[in-house]
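> Quick one: the structure is below, questions incoming.
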Amino acid sequence: MVLAATARALGETAGVPALLERVVTLGVGTVPNCEHAAVSVEEDDDRPFISMATFDAGQLPDGFALDIAINVPLADGDTKATLTFYATPGKTFDDGALQLSNAYAAQAALAIGAALTHLRAGLQAEQLREAIESRDIIGQAKGVLMARENCNADEAFEILRRASQRENLKLREIAARVASHHSKPRAG
């Protein structure tokens, strides 16, 4: 019953940092004799890229610590994470607490995987939107250059590319500048 309520609570949290905070907070309330908890999700090269704990960084709790390595399922393969439970000073975790902590870690892995998948999908959508906007502004700038320089599309793009390299700016920035200058009325 405890794990069912925990699974519902983990599913309600929006955003990766909020979810990780919920993972450690619920971990303390779920695992008997647990006073603190920490979770760390790793990048491909085994460096933590995001972590959360119920204690201040640099002030590890005293007492017994139980590290559980978990695999967070993602579409492109699993990501490693570690969920650590810290026992109340002077206490340890019995077999029941060990079983419960492992079951909790499995639920946390699923919730973290869902949150990371949602985050990645949002980032991909943002990148796609930016790419479409870049393509549009570059197309506008090419049109301006084709009319002004009496050149074809490839030659207009080459003009933008050379300006980008010369001024050490992104091509999109050069294109935006060209397009915005064209839209301003000229004094005659």
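The chains in the structure tokens are called A, B, ... from first to last as shown; in each chain the residues are counted from 1, and the ligands are counted from 1 in the order shown.
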Excluding same-chain residues fewer than 2 positions from Ala106 of chain A, what lies within 12 Å of it counting only C-alpha atoms, as a PyMOL selection string?
chain A and resi 3+6-7+10+23+27+68-73+81-83+99-104+108-113
> Let's have the selection written as a short mmCIF file (atom, residue, chain, number, x, y, z; two decimals), in the first residue's frame, with C-alpha atoms.

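So again_8.cif came out as:
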```cif
data_model
loop_
_atom_site.label_atom_id
_atom_site.label_comp_id
_atom_site.auth_asym_id
_atom_site.auth_seq_id
_atom_site.Cartn_x
_atom_site.Cartn_y
_atom_site.Cartn_z
CA LEU A 3 4.46 1.82 -2.61
CA THR A 6 4.40 6.56 -3.46
CA ALA A 7 4.00 5.68 -7.14
CA LEU A 10 5.95 10.40 -7.91
CA VAL A 23 12.03 11.20 -4.77
CA GLY A 27 12.26 8.03 0.18
CA ILE A 68 21.22 1.54 -4.70
CA ALA A 69 22.36 1.72 -8.32
CA ILE A 70 19.41 2.12 -10.64
CA ASN A 71 19.01 2.14 -14.39
CA VAL A 72 16.70 4.88 -15.59
CA PRO A 73 14.91 3.69 -18.74
CA ALA A 81 21.44 6.86 -11.27
CA THR A 82 22.15 6.25 -7.61
CA LEU A 83 19.62 6.48 -4.82
CA GLN A 99 13.44 -4.91 0.15
CA LEU A 100 11.31 -1.78 0.44
CA SER A 101 14.20 0.48 -0.58
CA ASN A 102 14.87 -1.65 -3.68
CA ALA A 103 11.19 -1.59 -4.66
CA TYR A 104 11.09 2.16 -4.09
CA ALA A 108 11.82 6.11 -8.70
CA ALA A 109 13.72 4.94 -11.80
CA LEU A 110 10.50 4.81 -13.81
CA ALA A 111 9.40 8.25 -12.61
CA ILE A 112 12.83 9.78 -13.34
CA GLY A 113 12.82 8.16 -16.78
#
```
> Leu60 of chain A: which residues within 12 Å, counting only C-alpha atoms, same-chain residues fewer than 6 positions away excluded, as a PDB file with C-alpha atoms, in the first residue's frame?

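Once written, part_18.pdb looks like this:
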```
ATOM      1  CA  GLU A  35      16.623   9.953   8.078  1.00  0.00           C
ATOM      2  CA  HIS A  36      18.021  11.371   4.819  1.00  0.00           C
ATOM      3  CA  ALA A  37      18.126  10.444   1.146  1.00  0.00           C
ATOM      4  CA  ALA A  38      19.955  11.578  -1.977  1.00  0.00           C
ATOM      5  CA  ALA A  53      19.363  15.506  -1.323  1.00  0.00           C
ATOM      6  CA  THR A  54      17.482  16.118   1.907  1.00  0.00           C
ATOM      7  CA  THR A  84      21.194   6.641  -1.357  1.00  0.00           C
ATOM      8  CA  PHE A  85      19.338   6.182   1.907  1.00  0.00           C
ATOM      9  CA  TYR A  86      20.969   7.311   5.157  1.00  0.00           C
ATOM     10  CA  ALA A  87      19.903   5.558   8.349  1.00  0.00           C
TER      11      ALA A  87
END
```
> Can you pull out every residue from segment 52-132 of chain A that DSSP, working from the backbone, puts in strand (DSSP E or B), and format the result as a PyMOL selection string?
chain A and resi 52-53+65-72+79-87
> So, with only C-alpha atoms as the atoms that count, which of A:Lys142, A:Val41, A:Asp76, A:Gly29 lies closest to Ala97 of chain A?
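Among the listed residues, the smallest separation from Ala97 of chain A belongs to A:Gly29.
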> Under the rule that only C-alpha atoms are counted, which of A:Arg172, A:Thr92, A:Ala105, A:Leu160 is the nearest residue to Asp136 of chain A?
A:Arg172
> Expressed in Å to a single decimal, how great is the separation between atom CA of Gly96 of chain A and atom CA of Lys80 of chain A?
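If I compute the distance from atom CA of Gly96 of chain A to atom CA of Lys80 of chain A, I get 24.8 Å.
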> Excluding Ala163 of chain A and any residue of its chain fewer than 4 positions from it, enumerate the residues within 12 Å of it, using only C-alpha atoms, and give them as an MDAnalysis selection string.
chainID A and resid 156:159 167:175 177:178
> Restricting it to C-alpha atoms, dump the selection as an mmCIF file, in the first residue's frame.

```cif
data_model
loop_
_atom_site.group_PDB
_atom_site.id
_atom_site.type_symbol
_atom_site.label_atom_id
_atom_site.label_comp_id
_atom_site.auth_asym_id
_atom_site.auth_seq_id
_atom_site.Cartn_x
_atom_site.Cartn_y
_atom_site.Cartn_z
ATOM 1 C CA ALA A 156 23.090 34.804 -51.548
ATOM 2 C CA PHE A 157 23.695 32.030 -49.021
ATOM 3 C CA GLU A 158 27.439 32.226 -49.700
ATOM 4 C CA ILE A 159 27.342 35.983 -48.981
ATOM 5 C CA GLU A 167 32.179 38.783 -38.180
ATOM 6 C CA ASN A 168 32.326 35.613 -36.075
ATOM 7 C CA LEU A 169 28.551 35.581 -35.639
ATOM 8 C CA LYS A 170 26.012 32.851 -36.226
ATOM 9 C CA LEU A 171 24.579 32.791 -39.709
ATOM 10 C CA ARG A 172 21.106 33.296 -38.227
ATOM 11 C CA GLU A 173 22.257 36.549 -36.580
ATOM 12 C CA ILE A 174 23.691 37.877 -39.855
ATOM 13 C CA ALA A 175 20.490 36.887 -41.671
ATOM 14 C CA ARG A 177 20.378 41.793 -39.474
ATOM 15 C CA VAL A 178 20.071 41.703 -43.286
#
```
> Quick one: pull the distance between atom CA of Thr88 of chain A and atom CA of Gly63 of chain A, Å, one decimal.
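Value for the atom CA of Thr88 of chain A-atom CA of Gly63 of chain A distance: 6.6 Å.
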> What does the distance between atom CA of Gln165 of chain A and atom CA of Asn150 of chain A come to in Å, to one decimal place?
22.2 Å
